[in-house]
>>> print(open('run.cif').read())   # mmCIF, C-alpha atoms and all ligand atoms; chains and numbers go by the auth columns
data_my_file
loop_
_atom_site.group_PDB
_atom_site.id
_atom_site.type_symbol
_atom_site.label_atom_id
_atom_site.label_comp_id
_atom_site.label_asym_id
_atom_site.label_seq_id
_atom_site.Cartn_x
_atom_site.Cartn_y
_atom_site.Cartn_z
_atom_site.B_iso_or_equiv
_atom_site.auth_seq_id
_atom_site.auth_asym_id
ATOM 1 C CA MET A 1 -44.685 -35.096 47.483 0.00 1 H
ATOM 2 C CA ARG A 2 -46.691 -35.868 50.605 0.00 2 H
ATOM 3 C CA GLU A 3 -49.910 -35.149 48.677 0.00 3 H
ATOM 4 C CA ASP A 4 -48.732 -37.415 45.869 0.00 4 H
ATOM 5 C CA LEU A 5 -48.000 -40.246 48.304 0.00 5 H
ATOM 6 C CA THR A 6 -51.388 -39.816 49.957 0.00 6 H
ATOM 7 C CA ARG A 7 -53.075 -39.929 46.591 0.00 7 H
ATOM 8 C CA ARG A 8 -51.102 -43.000 45.643 0.00 8 H
ATOM 9 C CA GLY A 9 -52.031 -44.601 48.938 0.00 9 H
ATOM 10 C CA PHE A 10 -55.692 -43.911 48.286 0.00 10 H
ATOM 11 C CA LEU A 11 -55.443 -45.353 44.781 0.00 11 H
ATOM 12 C CA GLY A 12 -53.757 -48.448 46.196 0.00 12 H
ATOM 13 C CA VAL A 13 -56.554 -49.066 48.679 0.00 13 H
ATOM 14 C CA ALA A 14 -59.249 -48.325 46.112 0.00 14 H
ATOM 15 C CA GLY A 15 -57.538 -50.645 43.616 0.00 15 H
ATOM 16 C CA ALA A 16 -57.378 -53.446 46.178 0.00 16 H
ATOM 17 C CA ALA A 17 -61.071 -52.998 46.903 0.00 17 H
ATOM 18 C CA VAL A 18 -61.887 -53.228 43.223 0.00 18 H
ATOM 19 C CA VAL A 19 -59.768 -56.385 42.850 0.00 19 H
ATOM 20 C CA ALA A 20 -61.433 -57.938 45.927 0.00 20 H
ATOM 21 C CA GLY A 21 -64.849 -57.078 44.505 0.00 21 H
ATOM 22 C CA VAL A 22 -64.039 -58.617 41.156 0.00 22 H
ATOM 23 C CA THR A 23 -62.596 -61.728 42.800 0.00 23 H
ATOM 24 C CA SER A 24 -65.695 -62.411 44.887 0.00 24 H
ATOM 25 C CA GLU A 25 -67.895 -61.686 41.875 0.00 25 H
ATOM 26 C CA VAL A 26 -65.968 -64.254 39.835 0.00 26 H
ATOM 27 C CA ALA A 27 -66.109 -66.766 42.688 0.00 27 H
ATOM 28 C CA ALA A 28 -69.873 -66.330 42.943 0.00 28 H
ATOM 29 C CA ALA A 29 -70.307 -66.699 39.198 0.00 29 H
ATOM 30 C CA THR A 30 -68.350 -69.944 38.978 0.00 30 H
ATOM 31 C CA GLU A 31 -69.790 -71.466 42.165 0.00 31 H
ATOM 32 C CA GLY A 32 -71.678 -74.673 41.431 0.00 32 H
ATOM 33 C CA LYS A 33 -70.186 -74.983 37.956 0.00 33 H
ATOM 34 C CA GLU A 34 -66.925 -76.624 38.911 0.00 34 H
ATOM 35 C CA ALA A 35 -66.369 -80.224 39.970 0.00 35 H
ATOM 36 C CA PRO A 36 -67.001 -80.751 43.708 0.00 36 H
ATOM 37 C CA LYS A 37 -63.717 -80.786 45.634 0.00 37 H
ATOM 38 C CA GLY A 38 -62.282 -84.259 46.131 0.00 38 H
ATOM 39 C CA GLY A 39 -65.021 -86.028 44.168 0.00 39 H
ATOM 40 C CA PRO A 40 -64.827 -88.107 40.988 0.00 40 H
ATOM 41 C CA ILE A 41 -64.121 -86.212 37.787 0.00 41 H
ATOM 42 C CA LYS A 42 -65.106 -86.664 34.186 0.00 42 H
ATOM 43 C CA ILE A 43 -63.000 -85.965 31.106 0.00 43 H
ATOM 44 C CA ILE A 44 -64.877 -85.482 27.818 0.00 44 H
ATOM 45 C CA GLY A 45 -63.350 -86.000 24.385 0.00 45 H
ATOM 46 C CA LEU A 46 -65.182 -83.801 21.864 0.00 46 H
ATOM 47 C CA SER A 47 -64.737 -84.937 18.266 0.00 47 H
ATOM 48 C CA CYS A 48 -65.287 -82.138 15.756 0.00 48 H
ATOM 49 C CA SER A 49 -64.895 -84.345 12.699 0.00 49 H
ATOM 50 C CA PRO A 50 -67.881 -84.621 10.363 0.00 50 H
ATOM 51 C CA ARG A 51 -66.980 -88.307 9.923 0.00 51 H
ATOM 52 C CA PRO A 52 -68.197 -90.364 12.899 0.00 52 H
ATOM 53 C CA GLY A 53 -65.843 -92.970 14.312 0.00 53 H
ATOM 54 C CA LYS A 54 -62.951 -92.073 12.014 0.00 54 H
ATOM 55 C CA THR A 55 -59.441 -90.971 12.878 0.00 55 H
ATOM 56 C CA THR A 56 -60.266 -87.933 15.040 0.00 56 H
ATOM 57 C CA ALA A 57 -62.580 -90.057 17.177 0.00 57 H
ATOM 58 C CA ALA A 58 -59.948 -92.820 17.278 0.00 58 H
ATOM 59 C CA ALA A 59 -57.284 -90.370 18.455 0.00 59 H
ATOM 60 C CA LEU A 60 -59.600 -89.081 21.180 0.00 60 H
ATOM 61 C CA LYS A 61 -60.253 -92.632 22.369 0.00 61 H
ATOM 62 C CA VAL A 62 -56.504 -93.049 22.849 0.00 62 H
ATOM 63 C CA CYS A 63 -56.456 -89.816 24.900 0.00 63 H
ATOM 64 C CA LEU A 64 -59.418 -90.927 27.020 0.00 64 H
ATOM 65 C CA ASP A 65 -57.962 -94.381 27.687 0.00 65 H
ATOM 66 C CA ALA A 66 -54.796 -92.680 28.934 0.00 66 H
ATOM 67 C CA ALA A 67 -56.841 -90.225 31.016 0.00 67 H
ATOM 68 C CA LYS A 68 -58.400 -93.176 32.850 0.00 68 H
ATOM 69 C CA THR A 69 -54.956 -94.363 33.926 0.00 69 H
ATOM 70 C CA ALA A 70 -54.610 -91.165 35.995 0.00 70 H
ATOM 71 C CA GLY A 71 -56.688 -92.857 38.710 0.00 71 H
ATOM 72 C CA PRO A 72 -59.850 -94.747 39.657 0.00 72 H
ATOM 73 C CA ASN A 73 -61.840 -91.528 40.122 0.00 73 H
ATOM 74 C CA VAL A 74 -61.545 -90.525 36.470 0.00 74 H
ATOM 75 C CA GLU A 75 -64.509 -91.200 34.163 0.00 75 H
ATOM 76 C CA THR A 76 -64.451 -90.470 30.448 0.00 76 H
ATOM 77 C CA GLU A 77 -66.905 -89.965 27.605 0.00 77 H
ATOM 78 C CA LEU A 78 -66.495 -89.462 23.874 0.00 78 H
ATOM 79 C CA VAL A 79 -68.931 -86.967 22.337 0.00 79 H
ATOM 80 C CA GLU A 80 -69.074 -86.752 18.548 0.00 80 H
ATOM 81 C CA LEU A 81 -70.487 -83.735 16.707 0.00 81 H
ATOM 82 C CA ALA A 82 -70.785 -85.763 13.489 0.00 82 H
ATOM 83 C CA GLY A 83 -74.413 -85.984 12.441 0.00 83 H
ATOM 84 C CA LEU A 84 -75.508 -83.220 14.814 0.00 84 H
ATOM 85 C CA ASN A 85 -76.863 -79.904 13.642 0.00 85 H
ATOM 86 C CA ILE A 86 -74.416 -77.198 14.724 0.00 86 H
ATOM 87 C CA PRO A 87 -75.377 -74.162 12.641 0.00 87 H
ATOM 88 C CA VAL A 88 -72.775 -71.570 11.683 0.00 88 H
ATOM 89 C CA PHE A 89 -73.068 -68.716 14.172 0.00 89 H
ATOM 90 C CA ASP A 90 -75.210 -65.900 12.853 0.00 90 H
ATOM 91 C CA PRO A 91 -76.453 -63.367 15.400 0.00 91 H
ATOM 92 C CA ALA A 92 -79.413 -62.581 13.136 0.00 92 H
ATOM 93 C CA ALA A 93 -80.576 -66.191 12.805 0.00 93 H
ATOM 94 C CA PRO A 94 -82.632 -67.786 15.583 0.00 94 H
ATOM 95 C CA GLY A 95 -82.020 -71.326 16.826 0.00 95 H
ATOM 96 C CA SER A 96 -78.866 -73.128 17.828 0.00 96 H
ATOM 97 C CA GLY A 97 -79.675 -76.624 16.554 0.00 97 H
ATOM 98 C CA ASP A 98 -78.134 -79.372 18.672 0.00 98 H
ATOM 99 C CA PHE A 99 -75.603 -77.033 20.285 0.00 99 H
ATOM 100 C CA ASP A 100 -77.428 -76.772 23.601 0.00 100 H
ATOM 101 C CA GLN A 101 -77.491 -80.524 24.216 0.00 101 H
ATOM 102 C CA VAL A 102 -73.727 -80.771 23.732 0.00 102 H
ATOM 103 C CA ALA A 103 -73.129 -77.620 25.785 0.00 103 H
ATOM 104 C CA ALA A 104 -75.114 -79.146 28.671 0.00 104 H
ATOM 105 C CA LYS A 105 -72.759 -82.141 28.687 0.00 105 H
ATOM 106 C CA LEU A 106 -69.645 -79.951 28.675 0.00 106 H
ATOM 107 C CA THR A 107 -70.832 -77.596 31.413 0.00 107 H
ATOM 108 C CA ASP A 108 -71.811 -80.417 33.793 0.00 108 H
ATOM 109 C CA PRO A 109 -69.949 -79.573 37.041 0.00 109 H
ATOM 110 C CA LYS A 110 -68.483 -83.077 37.144 0.00 110 H
ATOM 111 C CA VAL A 111 -66.638 -82.396 33.877 0.00 111 H
ATOM 112 C CA ALA A 112 -63.207 -81.188 34.930 0.00 112 H
ATOM 113 C CA GLY A 113 -61.454 -81.608 31.589 0.00 113 H
ATOM 114 C CA ILE A 114 -62.300 -81.384 27.889 0.00 114 H
ATOM 115 C CA ILE A 115 -60.147 -82.621 25.017 0.00 115 H
ATOM 116 C CA VAL A 116 -61.164 -81.078 21.702 0.00 116 H
ATOM 117 C CA GLY A 117 -60.278 -83.088 18.596 0.00 117 H
ATOM 118 C CA THR A 118 -60.399 -81.793 15.043 0.00 118 H
ATOM 119 C CA PRO A 119 -59.204 -82.938 11.639 0.00 119 H
ATOM 120 C CA VAL A 120 -56.775 -80.567 9.921 0.00 120 H
ATOM 121 C CA TYR A 121 -58.570 -78.840 7.054 0.00 121 H
ATOM 122 C CA PHE A 122 -56.189 -76.708 4.993 0.00 122 H
ATOM 123 C CA GLY A 123 -53.992 -75.967 7.972 0.00 123 H
ATOM 124 C CA SER A 124 -56.795 -75.137 10.359 0.00 124 H
ATOM 125 C CA MET A 125 -59.740 -76.668 12.235 0.00 125 H
ATOM 126 C CA SER A 126 -62.802 -78.177 10.532 0.00 126 H
ATOM 127 C CA SER A 127 -65.697 -75.819 9.839 0.00 127 H
ATOM 128 C CA LEU A 128 -67.763 -77.947 12.237 0.00 128 H
ATOM 129 C CA CYS A 129 -65.213 -77.257 14.974 0.00 129 H
ATOM 130 C CA LYS A 130 -65.243 -73.530 14.214 0.00 130 H
ATOM 131 C CA ALA A 131 -69.036 -73.416 14.212 0.00 131 H
ATOM 132 C CA PHE A 132 -69.107 -75.158 17.582 0.00 132 H
ATOM 133 C CA LEU A 133 -66.428 -72.960 19.166 0.00 133 H
ATOM 134 C CA ASP A 134 -68.110 -69.794 17.860 0.00 134 H
ATOM 135 C CA ARG A 135 -71.394 -70.928 19.390 0.00 135 H
ATOM 136 C CA CYS A 136 -69.580 -71.297 22.719 0.00 136 H
ATOM 137 C CA ILE A 137 -69.833 -67.512 22.980 0.00 137 H
ATOM 138 C CA ALA A 138 -73.154 -68.305 24.665 0.00 138 H
ATOM 139 C CA LEU A 139 -71.225 -70.125 27.427 0.00 139 H
ATOM 140 C CA ARG A 140 -68.887 -67.158 27.823 0.00 140 H
ATOM 141 C CA LYS A 141 -71.910 -64.920 28.271 0.00 141 H
ATOM 142 C CA ASP A 142 -73.320 -67.422 30.773 0.00 142 H
ATOM 143 C CA ASN A 143 -70.769 -66.328 33.412 0.00 143 H
ATOM 144 C CA PHE A 144 -67.953 -68.235 31.696 0.00 144 H
ATOM 145 C CA ALA A 145 -69.545 -71.648 32.166 0.00 145 H
ATOM 146 C CA LEU A 146 -66.369 -73.442 30.971 0.00 146 H
ATOM 147 C CA ALA A 147 -64.016 -71.462 33.219 0.00 147 H
ATOM 148 C CA ASN A 148 -61.335 -73.435 35.035 0.00 148 H
ATOM 149 C CA LYS A 149 -62.014 -76.683 33.226 0.00 149 H
ATOM 150 C CA VAL A 150 -58.759 -78.127 31.887 0.00 150 H
ATOM 151 C CA ALA A 151 -58.474 -78.218 28.087 0.00 151 H
ATOM 152 C CA GLY A 152 -56.277 -80.071 25.620 0.00 152 H
ATOM 153 C CA VAL A 153 -56.386 -80.251 21.835 0.00 153 H
ATOM 154 C CA VAL A 154 -55.864 -83.061 19.303 0.00 154 H
ATOM 155 C CA ALA A 155 -55.363 -82.481 15.567 0.00 155 H
ATOM 156 C CA VAL A 156 -55.314 -85.282 12.969 0.00 156 H
ATOM 157 C CA GLY A 157 -53.968 -84.626 9.477 0.00 157 H
ATOM 158 C CA GLY A 158 -53.473 -86.641 6.300 0.00 158 H
ATOM 159 C CA MET A 159 -49.831 -85.539 6.254 0.00 159 H
ATOM 160 C CA ARG A 160 -47.261 -86.168 8.982 0.00 160 H
ATOM 161 C CA ASN A 161 -46.697 -82.415 9.167 0.00 161 H
ATOM 162 C CA GLY A 162 -49.846 -81.059 7.542 0.00 162 H
ATOM 163 C CA GLY A 163 -50.542 -78.206 9.959 0.00 163 H
ATOM 164 C CA GLN A 164 -51.446 -80.060 13.164 0.00 164 H
ATOM 165 C CA GLU A 165 -49.629 -77.643 15.485 0.00 165 H
ATOM 166 C CA LEU A 166 -51.092 -74.553 13.829 0.00 166 H
ATOM 167 C CA THR A 167 -54.530 -76.123 14.022 0.00 167 H
ATOM 168 C CA ILE A 168 -54.082 -76.851 17.730 0.00 168 H
ATOM 169 C CA GLN A 169 -53.144 -73.225 18.354 0.00 169 H
ATOM 170 C CA THR A 170 -56.232 -71.859 16.603 0.00 170 H
ATOM 171 C CA VAL A 171 -58.454 -74.078 18.767 0.00 171 H
ATOM 172 C CA GLN A 172 -56.511 -73.098 21.882 0.00 172 H
ATOM 173 C CA ALA A 173 -57.126 -69.393 21.123 0.00 173 H
ATOM 174 C CA ALA A 174 -60.878 -69.988 21.320 0.00 174 H
ATOM 175 C CA LEU A 175 -60.561 -72.034 24.523 0.00 175 H
ATOM 176 C CA LEU A 176 -58.418 -69.375 26.205 0.00 176 H
ATOM 177 C CA ALA A 177 -61.263 -66.915 25.622 0.00 177 H
ATOM 178 C CA GLN A 178 -63.451 -69.216 27.736 0.00 178 H
ATOM 179 C CA GLU A 179 -61.045 -68.997 30.702 0.00 179 H
ATOM 180 C CA MET A 180 -60.195 -72.669 30.311 0.00 180 H
ATOM 181 C CA ILE A 181 -56.893 -73.929 31.675 0.00 181 H
ATOM 182 C CA LEU A 182 -54.876 -75.132 28.706 0.00 182 H
ATOM 183 C CA VAL A 183 -52.349 -77.926 28.812 0.00 183 H
ATOM 184 C CA GLY A 184 -50.260 -79.621 26.146 0.00 184 H
ATOM 185 C CA ASP A 185 -49.189 -83.253 25.840 0.00 185 H
ATOM 186 C CA GLY A 186 -47.282 -84.153 28.974 0.00 186 H
ATOM 187 C CA ARG A 187 -43.731 -85.441 29.121 0.00 187 H
ATOM 188 C CA PRO A 188 -41.728 -86.901 27.544 0.00 188 H
ATOM 189 C CA THR A 189 -43.181 -85.473 24.308 0.00 189 H
ATOM 190 C CA ALA A 190 -44.430 -82.249 26.005 0.00 190 H
ATOM 191 C CA HIS A 191 -45.424 -79.828 23.266 0.00 191 H
ATOM 192 C CA ARG A 192 -48.674 -78.191 22.165 0.00 192 H
ATOM 193 C CA GLY A 193 -51.006 -81.183 22.175 0.00 193 H
ATOM 194 C CA ALA A 194 -51.655 -84.406 20.287 0.00 194 H
ATOM 195 C CA THR A 195 -50.589 -84.387 16.642 0.00 195 H
ATOM 196 C CA LEU A 196 -51.632 -87.442 14.649 0.00 196 H
ATOM 197 C CA TRP A 197 -51.094 -88.707 11.134 0.00 197 H
ATOM 198 C CA ASN A 198 -53.965 -90.418 9.373 0.00 198 H
ATOM 199 C CA GLN A 199 -52.643 -93.030 6.939 0.00 199 H
ATOM 200 C CA ASN A 200 -55.576 -94.484 4.976 0.00 200 H
ATOM 201 C CA ASP A 201 -58.012 -93.892 7.835 0.00 201 H
ATOM 202 C CA ASP A 202 -55.640 -95.578 10.262 0.00 202 H
ATOM 203 C CA ILE A 203 -53.624 -93.954 13.057 0.00 203 H
ATOM 204 C CA SER A 204 -52.332 -97.191 14.570 0.00 204 H
ATOM 205 C CA LYS A 205 -48.933 -97.009 12.792 0.00 205 H
ATOM 206 C CA ASP A 206 -48.225 -93.459 13.956 0.00 206 H
ATOM 207 C CA GLU A 207 -46.203 -94.296 17.071 0.00 207 H
ATOM 208 C CA LEU A 208 -45.137 -90.704 17.755 0.00 208 H
ATOM 209 C CA GLY A 209 -48.665 -89.359 17.282 0.00 209 H
ATOM 210 C CA LEU A 210 -50.102 -92.043 19.545 0.00 210 H
ATOM 211 C CA ALA A 211 -47.560 -91.117 22.208 0.00 211 H
ATOM 212 C CA THR A 212 -48.666 -87.461 22.045 0.00 212 H
ATOM 213 C CA ALA A 213 -52.313 -88.574 22.366 0.00 213 H
ATOM 214 C CA ARG A 214 -51.585 -90.705 25.433 0.00 214 H
ATOM 215 C CA ASN A 215 -49.486 -87.970 27.019 0.00 215 H
ATOM 216 C CA LEU A 216 -52.203 -85.372 26.392 0.00 216 H
ATOM 217 C CA GLY A 217 -54.962 -87.517 27.871 0.00 217 H
ATOM 218 C CA ARG A 218 -52.940 -88.313 30.944 0.00 218 H
ATOM 219 C CA ARG A 219 -51.865 -84.687 31.399 0.00 219 H
ATOM 220 C CA VAL A 220 -55.430 -83.326 31.139 0.00 220 H
ATOM 221 C CA ALA A 221 -56.662 -85.835 33.731 0.00 221 H
ATOM 222 C CA GLU A 222 -53.730 -85.291 36.097 0.00 222 H
ATOM 223 C CA VAL A 223 -54.071 -81.505 36.094 0.00 223 H
ATOM 224 C CA ALA A 224 -57.864 -81.721 36.416 0.00 224 H
ATOM 225 C CA ALA A 225 -57.564 -84.123 39.360 0.00 225 H
ATOM 226 C CA ARG A 226 -55.026 -81.857 41.002 0.00 226 H
ATOM 227 C CA LEU A 227 -57.279 -78.797 40.625 0.00 227 H
ATOM 228 C CA VAL A 228 -60.282 -80.615 42.016 0.00 228 H
ATOM 229 C CA GLY A 229 -58.217 -82.143 44.804 0.00 229 H
ATOM 230 C CA THR A 230 -59.289 -85.667 43.952 0.00 230 H
ATOM 231 C CA THR A 231 -56.921 -88.570 44.470 0.00 231 H
ATOM 232 C CA GLY A 232 -56.938 -89.033 40.695 0.00 232 H
HETATM 233 C C1 LIG B . -61.115 -80.179 3.084 0.00 1 Q
HETATM 234 C C2 LIG B . -59.965 -80.977 3.627 0.00 1 Q
HETATM 235 C C3 LIG B . -58.764 -80.344 3.853 0.00 1 Q
HETATM 236 C C4 LIG B . -57.694 -81.043 4.380 0.00 1 Q
HETATM 237 N N1 LIG B . -56.536 -80.365 4.618 0.00 1 Q
HETATM 238 C C5 LIG B . -55.515 -81.007 5.219 0.00 1 Q
HETATM 239 C C6 LIG B . -54.321 -80.288 5.564 0.00 1 Q
HETATM 240 O O1 LIG B . -54.194 -79.091 5.368 0.00 1 Q
HETATM 241 N N2 LIG B . -53.328 -80.995 6.157 0.00 1 Q
HETATM 242 C C7 LIG B . -53.419 -82.324 6.440 0.00 1 Q
HETATM 243 O O2 LIG B . -52.494 -82.902 6.988 0.00 1 Q
HETATM 244 N N3 LIG B . -54.551 -83.024 6.114 0.00 1 Q
HETATM 245 C C8 LIG B . -55.593 -82.388 5.529 0.00 1 Q
HETATM 246 N N4 LIG B . -56.740 -83.085 5.234 0.00 1 Q
HETATM 247 C C9 LIG B . -56.852 -84.506 5.629 0.00 1 Q
HETATM 248 C C10 LIG B . -57.584 -84.682 6.975 0.00 1 Q
HETATM 249 O O3 LIG B . -57.075 -83.850 7.947 0.00 1 Q
HETATM 250 C C11 LIG B . -57.438 -86.112 7.489 0.00 1 Q
HETATM 251 O O4 LIG B . -57.930 -87.023 6.552 0.00 1 Q
HETATM 252 C C12 LIG B . -58.127 -86.313 8.821 0.00 1 Q
HETATM 253 O O5 LIG B . -57.664 -87.486 9.407 0.00 1 Q
HETATM 254 C C13 LIG B . -59.629 -86.426 8.717 0.00 1 Q
HETATM 255 O O6 LIG B . -60.196 -86.664 9.994 0.00 1 Q
HETATM 256 P P1 LIG B . -61.342 -87.783 10.186 0.00 1 Q
HETATM 257 O O7 LIG B . -60.722 -89.119 9.898 0.00 1 Q
HETATM 258 O O8 LIG B . -61.797 -87.667 11.580 0.00 1 Q
HETATM 259 O O9 LIG B . -62.393 -87.428 9.214 0.00 1 Q
HETATM 260 C C14 LIG B . -57.824 -82.414 4.671 0.00 1 Q
HETATM 261 C C15 LIG B . -59.044 -83.065 4.412 0.00 1 Q
HETATM 262 C C16 LIG B . -60.089 -82.357 3.900 0.00 1 Q
HETATM 263 C C17 LIG B . -61.415 -83.060 3.654 0.00 1 Q
#
>>> encode(input="run.cif", output="structure tokens")
Amino acid sequence: MREDLTRRGFLGVAGAAVVAGVTSEVAAATEGKEAPKGGPIKIIGLSCSPRPGKTTAAALKVCLDAAKTAGPNVETELVELAGLNIPVFDPAAPGSGDFDQVAAKLTDPKVAGIIVGTPVYFGSMSSLCKAFLDRCIALRKDNFALANKVAGVVAVGGMRNGGQELTIQTVQAALLAQEMILVGDGRPTAHRGATLWNQNDDISKDELGLATARNLGRRVAEVAARLVGTTG
């Protein structure tokens, strides 16, 4: 019994040492990659629609406008993948096209939040979105360069209920693997993220969807500001 307790005691101490080691390792790895404490923050909206300036981009603009209302220290930028070369991930094929230039924007320490927008394609994300998220494995290998940035997801479908929530969850799964901090649309809607309905390339009549977009943008900015300790 005594021997068992001693052994357990040893394991406890050893375990604590391992945890402490891992913690400081993680802190060292993320140092310099996160927004400086108390400073201004940037929220990026990343449109993964192959159609520039269409409904996914429009929904993200609504999110970003709402993010700005979180405070004077919040800057925003819309980044569109449309027209860029984001090759499907193939470990055997060299070259990453335009991925690196977008990745540099996202990993900028000032960026404290990222809102990923995708059209719903057959109940899931666009292939462009999947190609981009798969390529983000390079950022995971780069000491989790997106770790602790706040993330939200927007999905725009041609049907009111065409798979937006399922699509959001598939994107969220990839973002969780980057150690991002996921949030949904804030109250009063408060579910998985922004779910919009494209009616003839127009989202302006979708009052409920617009509310989820505003609540997501505001929530991402508020949580990001809180983490960075900025006044918002
Ligand atoms: C290949 C393809 C599959 C689609 N599948 C769905 C779907 O499953 N559910 C849905 O609601 N809309 C679906 N749509 C419609 C798009 O999601 C919708 O038009 C979206 O707003 C397009 O985004 P964009 O305006 O940024 O291009 C599909 C469109 C395409 C081209």
>>> atom_distance(input="run.cif", atom1="CA of Ala35 in chain H", atom2="CA of Val116 in chain H")
19.0 Å
>>> closest_atom_pairs(input="run.cif", of="range 29-87 of chain H", to="range 127-132 of chain H", cutoff="9 Å", atoms="only C-alpha atoms", output="tab-separated table")
residue	atom	partner	partner_atom	distance
H:Ser47	CA	H:Cys129	CA	8.4
H:Cys48	CA	H:Cys129	CA	4.9
H:Ser49	CA	H:Leu128	CA	7.0
H:Pro50	CA	H:Leu128	CA	6.9
H:Leu81	CA	H:Leu128	CA	7.8
H:Ala82	CA	H:Leu128	CA	8.5
H:Ile86	CA	H:Phe132	CA	6.4
H:Pro87	CA	H:Ala131	CA	6.6
>>> closest_residue(input="run.cif", among="H:Ala151, H:Gly71, H:Thr118, H:Lys42", to="Lys105 in chain H", atoms="all atoms listed in the file")
H:Lys42
>>> resolve_selection(input="run.cif", expression="the PyMOL selection byres (((not hetatm)) within 9 of (chain Q and resi 1))", output="PyMOL selection string")
chain H and resi 47-59+117-126+155-164+196-203
>>> residues_near_point(input="run.cif", point="(-49.9, -79.6, 23.8)", cutoff="10 Å", atoms="only C-alpha atoms", output="ChimeraX atom specification")
/H:151-154,165,168-169,172,182-186,189-195,212-213,215-216,219-220
>>> write_last_selection(input="run.cif", atoms="C-alpha atoms", output="mmCIF file, in the frame of the given file")
data_model
loop_
_atom_site.group_PDB
_atom_site.id
_atom_site.type_symbol
_atom_site.label_atom_id
_atom_site.label_comp_id
_atom_site.auth_asym_id
_atom_site.auth_seq_id
_atom_site.Cartn_x
_atom_site.Cartn_y
_atom_site.Cartn_z
ATOM 1 C CA ALA H 151 -58.474 -78.218 28.087
ATOM 2 C CA GLY H 152 -56.277 -80.071 25.620
ATOM 3 C CA VAL H 153 -56.386 -80.251 21.835
ATOM 4 C CA VAL H 154 -55.864 -83.061 19.303
ATOM 5 C CA GLU H 165 -49.629 -77.643 15.485
ATOM 6 C CA ILE H 168 -54.082 -76.851 17.730
ATOM 7 C CA GLN H 169 -53.144 -73.225 18.354
ATOM 8 C CA GLN H 172 -56.511 -73.098 21.882
ATOM 9 C CA LEU H 182 -54.876 -75.132 28.706
ATOM 10 C CA VAL H 183 -52.349 -77.926 28.812
ATOM 11 C CA GLY H 184 -50.260 -79.621 26.146
ATOM 12 C CA ASP H 185 -49.189 -83.253 25.840
ATOM 13 C CA GLY H 186 -47.282 -84.153 28.974
ATOM 14 C CA THR H 189 -43.181 -85.473 24.308
ATOM 15 C CA ALA H 190 -44.430 -82.249 26.005
ATOM 16 C CA HIS H 191 -45.424 -79.828 23.266
ATOM 17 C CA ARG H 192 -48.674 -78.191 22.165
ATOM 18 C CA GLY H 193 -51.006 -81.183 22.175
ATOM 19 C CA ALA H 194 -51.655 -84.406 20.287
ATOM 20 C CA THR H 195 -50.589 -84.387 16.642
ATOM 21 C CA THR H 212 -48.666 -87.461 22.045
ATOM 22 C CA ALA H 213 -52.313 -88.574 22.366
ATOM 23 C CA ASN H 215 -49.486 -87.970 27.019
ATOM 24 C CA LEU H 216 -52.203 -85.372 26.392
ATOM 25 C CA ARG H 219 -51.865 -84.687 31.399
ATOM 26 C CA VAL H 220 -55.430 -83.326 31.139
#
>>> atom_distance(input="run.cif", atom1="CA of Thr69 in chain H", atom2="CA of Leu166 in chain H")
28.5 Å
>>> residues_around(input="run.cif", residues="Pro40 in chain H", least_positions_apart="6", cutoff="7 Å", atoms="only C-alpha atoms", output="PyMOL selection string")
chain H and resi 73-74+230
>>> closest_residue(input="run.cif", among="H:Ala103, H:Leu146, H:Ala174, H:Ala112", to="Ala224 in chain H", atoms="all atoms listed in the file")
H:Ala112
>>> closest_residue(input="run.cif", among="H:Gly45, H:Pro72, H:Pro91, H:Gly83", to="Ile137 in chain H", atoms="all atoms listed in the file")
H:Pro91
>>> residues_around(input="run.cif", residues="Ala221 in chain H", least_positions_apart="2", cutoff="8 Å", atoms="only C-alpha atoms", output="ChimeraX atom specification")
/H:43,67-68,70,74,113,217-219,223-225,232
>>> write_last_selection(input="run.cif", atoms="C-alpha atoms", output="CSV table (one decimal), keeping the file's coordinate frame")
chain,number,residue,atom,x,y,z
H,43,ILE,CA,-63.0,-86.0,31.1
H,67,ALA,CA,-56.8,-90.2,31.0
H,68,LYS,CA,-58.4,-93.2,32.8
H,70,ALA,CA,-54.6,-91.2,36.0
H,74,VAL,CA,-61.5,-90.5,36.5
H,113,GLY,CA,-61.5,-81.6,31.6
H,217,GLY,CA,-55.0,-87.5,27.9
H,218,ARG,CA,-52.9,-88.3,30.9
H,219,ARG,CA,-51.9,-84.7,31.4
H,223,VAL,CA,-54.1,-81.5,36.1
H,224,ALA,CA,-57.9,-81.7,36.4
H,225,ALA,CA,-57.6,-84.1,39.4
H,232,GLY,CA,-56.9,-89.0,40.7
>>> residues_around(input="run.cif", residues="Ser96 in chain H", least_positions_apart="4", cutoff="9 Å", atoms="only C-alpha atoms", output="number ranges by chain")
H: 85-89, 100, 135
>>> closest_residue(input="run.cif", among="H:Asp108, H:Glu34, H:Glu179, H:Glu77", to="Arg140 in chain H", atoms="all atoms listed in the file")
H:Glu179
>>> atom_distance(input="run.cif", atom1="CA of Val150 in chain H", atom2="CA of Glu75 in chain H")
14.5 Å
>>> axis_aligned_box(input="run.cif", around="range 148-162 of chain H", padding_each_side="3 Å", output="lines of an AutoDock Vina configuration file")
center_x = -54.4
center_y = -80.0
center_z = 20.6
size_x = 21.3
size_y = 19.2
size_z = 34.8
>>> closest_residue(input="run.cif", among="H:Ala104, H:Ile44, H:Val111, H:Val62", to="Leu78 in chain H", atoms="only C-alpha atoms")
H:Ile44
>>> resolve_selection(input="run.cif", expression="the PyMOL selection byres (((chain H and resi 178) around 10) and not hetatm)", output="list in words")
Leu133, Cys136, Ile137, Leu139, Arg140, Lys141, Asn143, Phe144, Ala145, Leu146, Ala147, Asn148, Lys149, Gln172, Ala173, Ala174, Leu175, Leu176, Ala177, Glu179, Met180 and Ile181 of chain H
>>> closest_residue(input="run.cif", among="H:Ile114, H:Pro188, H:Gly39, H:Asp142", to="Ala211 in chain H", atoms="all atoms listed in the file")
H:Pro188
